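Notes follow once the structure below has been shown.
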Amino acid sequence: MSTQSYPHALPQDAAPEVSSLSSRRGGAILLLLCLVQFMDVLDASILNIALPSIKRDLDFSQQSLQWVVSGYILTYGGFLLLGGRAADLLGRRRILVSGLVLFAASSLAGGLAHSGGLLIAARFAQGLGAAMLSPAALSTLTTTFRSDKDRHKALGAWAAVSGLGGAAGVLFGGLLVEGPGWRWVLFVNIPFCVIAFFGAFALLTKERKVAALANFDALGAFLVTGGMLLLVYALVKAPDVGWGATRTLAELAGAGAMLLAFVANESRVRNPLVPMSILRVKGVAVADATQMLALAGFFSMFFFLTLYMQTVLHFSPIQTGTAYLPLTGAIIIAAGVSSQLFARIGTKPVIVTGSLVGAGGLYWLSRIPVHGSYVSNILPGLLVTAFGVGAVFVGATTAANAGVGEDKAGLAAGLLNTAQQLGAALGLAILSALATARTHSLLDAGHASVAEASTHGFQRALMAGALFAVAAGLVALLAPNTRATEPAPSIEAVPEGV
């Protein structure tokens, strides 16, 4: 056996200051980091309700309009691993602040855009900024709060904010579109960024040293980023091009080849960008897979329910946004309760139960009728789903970061967020294809009106979402039952074979 060291890891004297949630400073740090995550998740959903107004004002075609959303998802998902590792190597505060500057500048450019091309370019840049922000913030959280009690509470708050951001995005989107206009769904990011920017300098410790980049794994960075970008692009475009089309198959094969080449490269280079040893940390891979499957079902729910409420039930944007308020409260409650259960029963029972409860809620929602009502047909299923979402998010986030050393915290955060983005892209692509196929089949056969055919399509998509949630619960059964969340020593310092 031999002992290895990892030259790129942050030096010991650059480790972040350990804080307690009981202190004023610790509470302020948690608030800052949750603000960053809230902004990230909010931006992924807030533009959905504004799309009709954007299409009209900037003269988008139906085909090109999807890139207002997909452009953000593409660069966010594609650069997350690189952003997470950069936080470990270059300093978490440095990457966080850089991401805030890029996110604010691109939000301003998008809000001022007077052409479709400029808006899409701004959304690409926003996604890149988010890919820097999210893993830097999560890794700062997991290395700042070290006691079991504090870490459980901090991760519970983080997970609650993650669920809250998706629901709040729909609400704020409706309020802003019907109020000052769609451009404010982008401008609203700027004050958040300004607050977080000054908060980062006031609260977060500056790393006194950073890693030497002389042996930076440039090939690994190119392969993983290129592979992730191509994979997310293929998933986003597949419903339009066709899953069996030569182009889609070629893109998926190319992405797979690049990612396999990345794994081969990381196993042979001296200073890998993503040390494969992180996957030897118990529970990391299973937690990431669970989160990916859960997001495939839960994230897509917002898309289809929003369409159902606006196109079938004829809700206004504000009515649609307000309809998600109970979901927001239920997610916060579920996340808080779940975080208190980990010390008693561990993460596995919470994740499995949450996945099945969420699946039940999605099944309930899959029975929405053409002439439905909010109180009887939407609200009950929405509340049940919310309790499942809160439990799964906080459980998987805790399990994915348990036992990860400080020098890998950014990488672990990047892996988890990558799983989330892949799940969102994969789920929306598959479920959209299922919904569209069902709707077109009924319309072509002349057996249903547009509203009836659309509703049947939404039903099928939500049912498939429930199956994704069940699959997440089954995968979670393979995970260890995590009770403690103290980071383990750096994996690279453990003798081989241990």
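In the structure tokens, chains take the letters A, B, ... in the order shown, each chain's residues start at 1, and ligands count up from 1 in the order shown.
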
For Met301 of chain A, find every residue with an atom within 8 Å (counting only C-alpha atoms), except residues of its own chain fewer than 4 positions away, and show them as a CSV table (one decimal) with all heavy atoms, in the first residue's frame.
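out.csv written:
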```csv
chain,number,residue,atom,x,y,z
A,297,GLY,N,-38.8,13.6,-12.3
A,297,GLY,CA,-40.3,13.6,-12.1
A,297,GLY,C,-40.8,14.9,-11.5
A,297,GLY,O,-41.8,15.5,-12.0
A,305,LEU,N,-48.1,21.3,-15.1
A,305,LEU,CA,-49.2,21.8,-14.3
A,305,LEU,C,-49.5,23.3,-14.7
A,305,LEU,O,-50.6,23.8,-14.8
A,305,LEU,CB,-49.0,21.8,-12.8
A,305,LEU,CG,-49.3,20.5,-12.1
A,305,LEU,CD1,-49.1,20.6,-10.6
A,305,LEU,CD2,-50.7,20.0,-12.4
A,362,LEU,N,-47.8,12.8,-7.4
A,362,LEU,CA,-47.8,12.9,-8.9
A,362,LEU,C,-48.9,12.1,-9.5
A,362,LEU,O,-49.5,12.4,-10.5
A,362,LEU,CB,-46.4,12.6,-9.4
A,362,LEU,CG,-45.3,13.6,-9.1
A,362,LEU,CD1,-44.0,13.0,-9.5
A,362,LEU,CD2,-45.6,14.9,-9.9
A,462,LEU,N,-47.5,13.3,-16.2
A,462,LEU,CA,-47.4,13.3,-14.8
A,462,LEU,C,-47.4,11.8,-14.3
A,462,LEU,O,-46.7,11.6,-13.2
A,462,LEU,CB,-48.6,14.0,-14.2
A,462,LEU,CG,-48.6,15.5,-14.4
A,462,LEU,CD1,-50.0,16.1,-14.2
A,462,LEU,CD2,-47.6,16.2,-13.6
A,465,GLY,N,-43.9,10.9,-14.5
A,465,GLY,CA,-43.1,11.5,-13.5
A,465,GLY,C,-43.3,10.7,-12.2
A,465,GLY,O,-42.3,10.6,-11.4
```

Can you list, as a short mmCIF file (atom, residue, chain, number, x, y, z; two decimals) with C-alpha atoms, in the first residue's frame, every residue of segment 223-294 of chain A that DSSP puts in helix (DSSP H, G or I)?
```cif
data_model
loop_
_atom_site.label_atom_id
_atom_site.label_comp_id
_atom_site.auth_asym_id
_atom_site.auth_seq_id
_atom_site.Cartn_x
_atom_site.Cartn_y
_atom_site.Cartn_z
CA LEU A 223 -13.69 16.18 -22.16
CA VAL A 224 -16.07 16.47 -19.20
CA THR A 225 -17.38 19.90 -20.18
CA GLY A 226 -17.75 18.99 -23.85
CA GLY A 227 -19.38 15.67 -23.00
CA MET A 228 -21.85 17.24 -20.56
CA LEU A 229 -22.73 20.07 -22.97
CA LEU A 230 -23.36 17.60 -25.81
CA LEU A 231 -25.40 15.29 -23.56
CA VAL A 232 -27.66 18.06 -22.23
CA TYR A 233 -28.02 19.51 -25.74
CA ALA A 234 -29.08 16.11 -27.11
CA LEU A 235 -31.65 15.67 -24.34
CA VAL A 236 -33.06 19.15 -24.85
CA LYS A 237 -33.41 18.75 -28.64
CA ALA A 238 -34.55 15.10 -28.73
CA PRO A 239 -38.31 15.82 -28.41
CA ASP A 240 -38.16 18.08 -31.49
CA VAL A 241 -35.70 16.08 -33.60
CA THR A 246 -29.76 9.77 -36.60
CA ARG A 247 -28.79 13.19 -35.25
CA THR A 248 -30.02 12.40 -31.73
CA LEU A 249 -28.34 9.00 -31.65
CA ALA A 250 -25.09 10.49 -32.96
CA GLU A 251 -25.15 13.25 -30.32
CA LEU A 252 -25.82 10.80 -27.50
CA ALA A 253 -23.09 8.47 -28.76
CA GLY A 254 -20.65 11.37 -29.06
CA ALA A 255 -21.45 12.53 -25.52
CA GLY A 256 -21.00 8.98 -24.21
CA ALA A 257 -17.66 8.62 -26.00
CA MET A 258 -16.35 11.91 -24.58
CA LEU A 259 -17.42 11.02 -21.03
CA LEU A 260 -15.85 7.55 -21.28
CA ALA A 261 -12.66 9.16 -22.57
CA PHE A 262 -12.84 11.53 -19.59
CA VAL A 263 -13.04 8.63 -17.13
CA ALA A 264 -10.08 6.94 -18.84
CA ASN A 265 -8.10 10.19 -18.73
CA GLU A 266 -8.82 10.78 -15.03
CA MET A 276 -12.60 9.06 -9.31
CA SER A 277 -11.84 8.25 -5.68
CA ILE A 278 -14.74 10.48 -4.65
CA LEU A 279 -17.06 7.73 -5.83
CA ARG A 280 -15.54 5.47 -3.18
CA VAL A 284 -22.20 9.65 -2.97
CA ALA A 285 -23.02 7.86 -6.23
CA VAL A 286 -26.36 6.47 -5.01
CA ALA A 287 -27.45 9.84 -3.58
CA ASP A 288 -26.63 11.57 -6.87
CA ALA A 289 -28.53 8.94 -8.88
CA THR A 290 -31.50 9.24 -6.54
CA GLN A 291 -31.55 13.01 -6.92
CA MET A 292 -31.36 12.75 -10.71
CA LEU A 293 -34.36 10.40 -10.94
CA ALA A 294 -36.38 12.39 -8.42
#
```

Discussion item. My list of candidates is A:Gly165, A:Gly346, A:Pro317, A:Gly127. Which is closest to Ile49 of chain A when distances are computed with only C-alpha atoms?
Written reply: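 Of all the options, A:Pro317 lies closest to Ile49 of chain A.
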
Item to complete: Would you mind telling me which residue in A:Leu426, A:Val68, A:Val41, A:Ile54 lies nearest to Gly181 of chain A when using only C-alpha atoms?
Response: A:Ile54

Using 9 Å as the limit and counting only C-alpha atoms, can you tabulate each residue of segment 261-356 of chain A that touches segment 365-380 of chain A, with its shortest atom-to-atom distance in Å and the two atoms involved, as a Markdown table?
```
| residue | atom | partner | partner_atom | distance |
| --- | --- | --- | --- | --- |
| A:Met301 | CA | A:Leu365 | CA | 8.9 |
| A:Leu305 | CA | A:Leu365 | CA | 8.6 |
| A:Tyr308 | CA | A:Ile368 | CA | 8.9 |
| A:Met309 | CA | A:Tyr374 | CA | 8.6 |
| A:Val312 | CA | A:Val370 | CA | 6.8 |
| A:Leu313 | CA | A:His371 | CA | 7.2 |
| A:Ala323 | CA | A:Tyr374 | CA | 7.9 |
| A:Tyr324 | CA | A:Leu379 | CA | 8.7 |
| A:Pro326 | CA | A:Leu379 | CA | 7.9 |
| A:Leu327 | CA | A:Leu379 | CA | 8.4 |
```

Just write the chosen residues, N, CA, C and O atoms, as a PDB file, in the first residue's frame.
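Ended up saving to result-v9.pdb:
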```pdb
ATOM      1  N   MET A 301     -43.117  18.436 -13.212  1.00  0.00           N
ATOM      2  CA  MET A 301     -44.461  18.714 -12.717  1.00  0.00           C
ATOM      3  C   MET A 301     -44.827  20.186 -12.894  1.00  0.00           C
ATOM      4  O   MET A 301     -45.944  20.514 -13.309  1.00  0.00           O
ATOM      5  N   LEU A 305     -48.147  21.251 -15.071  1.00  0.00           N
ATOM      6  CA  LEU A 305     -49.247  21.849 -14.314  1.00  0.00           C
ATOM      7  C   LEU A 305     -49.461  23.307 -14.717  1.00  0.00           C
ATOM      8  O   LEU A 305     -50.600  23.787 -14.775  1.00  0.00           O
ATOM      9  N   TYR A 308     -51.338  23.241 -17.915  1.00  0.00           N
ATOM     10  CA  TYR A 308     -52.713  22.814 -17.658  1.00  0.00           C
ATOM     11  C   TYR A 308     -53.536  23.965 -17.081  1.00  0.00           C
ATOM     12  O   TYR A 308     -54.662  24.245 -17.535  1.00  0.00           O
ATOM     13  N   MET A 309     -52.987  24.657 -16.096  1.00  0.00           N
ATOM     14  CA  MET A 309     -53.744  25.742 -15.470  1.00  0.00           C
ATOM     15  C   MET A 309     -53.984  26.901 -16.426  1.00  0.00           C
ATOM     16  O   MET A 309     -55.059  27.519 -16.411  1.00  0.00           O
ATOM     17  N   VAL A 312     -55.798  25.082 -20.174  1.00  0.00           N
ATOM     18  CA  VAL A 312     -57.033  24.306 -20.041  1.00  0.00           C
ATOM     19  C   VAL A 312     -58.008  24.966 -19.072  1.00  0.00           C
ATOM     20  O   VAL A 312     -59.198  25.144 -19.380  1.00  0.00           O
ATOM     21  N   LEU A 313     -57.507  25.353 -17.888  1.00  0.00           N
ATOM     22  CA  LEU A 313     -58.368  25.998 -16.897  1.00  0.00           C
ATOM     23  C   LEU A 313     -58.412  27.513 -17.068  1.00  0.00           C
ATOM     24  O   LEU A 313     -59.175  28.188 -16.392  1.00  0.00           O
ATOM     25  N   ALA A 323     -51.219  29.746  -7.181  1.00  0.00           N
ATOM     26  CA  ALA A 323     -51.621  28.355  -6.956  1.00  0.00           C
ATOM     27  C   ALA A 323     -50.495  27.515  -6.366  1.00  0.00           C
ATOM     28  O   ALA A 323     -50.749  26.477  -5.739  1.00  0.00           O
ATOM     29  N   TYR A 324     -49.253  27.950  -6.539  1.00  0.00           N
ATOM     30  CA  TYR A 324     -48.115  27.188  -6.028  1.00  0.00           C
ATOM     31  C   TYR A 324     -47.720  27.582  -4.604  1.00  0.00           C
ATOM     32  O   TYR A 324     -46.804  26.979  -4.040  1.00  0.00           O
ATOM     33  N   PRO A 326     -49.191  27.079  -1.616  1.00  0.00           N
ATOM     34  CA  PRO A 326     -49.240  25.977  -0.645  1.00  0.00           C
ATOM     35  C   PRO A 326     -48.098  24.978  -0.825  1.00  0.00           C
ATOM     36  O   PRO A 326     -47.595  24.415   0.150  1.00  0.00           O
ATOM     37  N   LEU A 327     -47.691  24.760  -2.060  1.00  0.00           N
ATOM     38  CA  LEU A 327     -46.562  23.872  -2.324  1.00  0.00           C
ATOM     39  C   LEU A 327     -45.304  24.395  -1.648  1.00  0.00           C
ATOM     40  O   LEU A 327     -44.544  23.634  -1.030  1.00  0.00           O
TER      41      LEU A 327
END
```

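Using only C-alpha atoms, the shortest contact distance between Ala461 of chain A and any of A:Ser449, A:Ser147, A:Thr439, A:Thr347 is found at A:Thr439.
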
Worksheet item: Could you pull the residues within 7 Å of Ala472 of chain A, counting only C-alpha atoms, minus those fewer than 2 positions along the same chain, as a VMD selection string?
Response: chain A and resid 290 293 to 294 355 468 to 470 474 to 476

Worksheet item: Distance atom CA of Thr311 of chain A-atom CA of Ala435 of chain A, one decimal place?
Response: 14.4 Å

Practice prompt. Could you jot down the atom CA of Thr482 of chain A to atom CA of Gly395 of chain A separation for me, Å, one decimal place?
Written response: 9.2 Å

Item to complete: Quote the spacing between atom CA of Thr455 of chain A and atom CA of Ala437 of chain A in Å to one decimal place.
Response: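 Computed distance, atom CA of Thr455 of chain A to atom CA of Ala437 of chain A, equals 12.3 Å.
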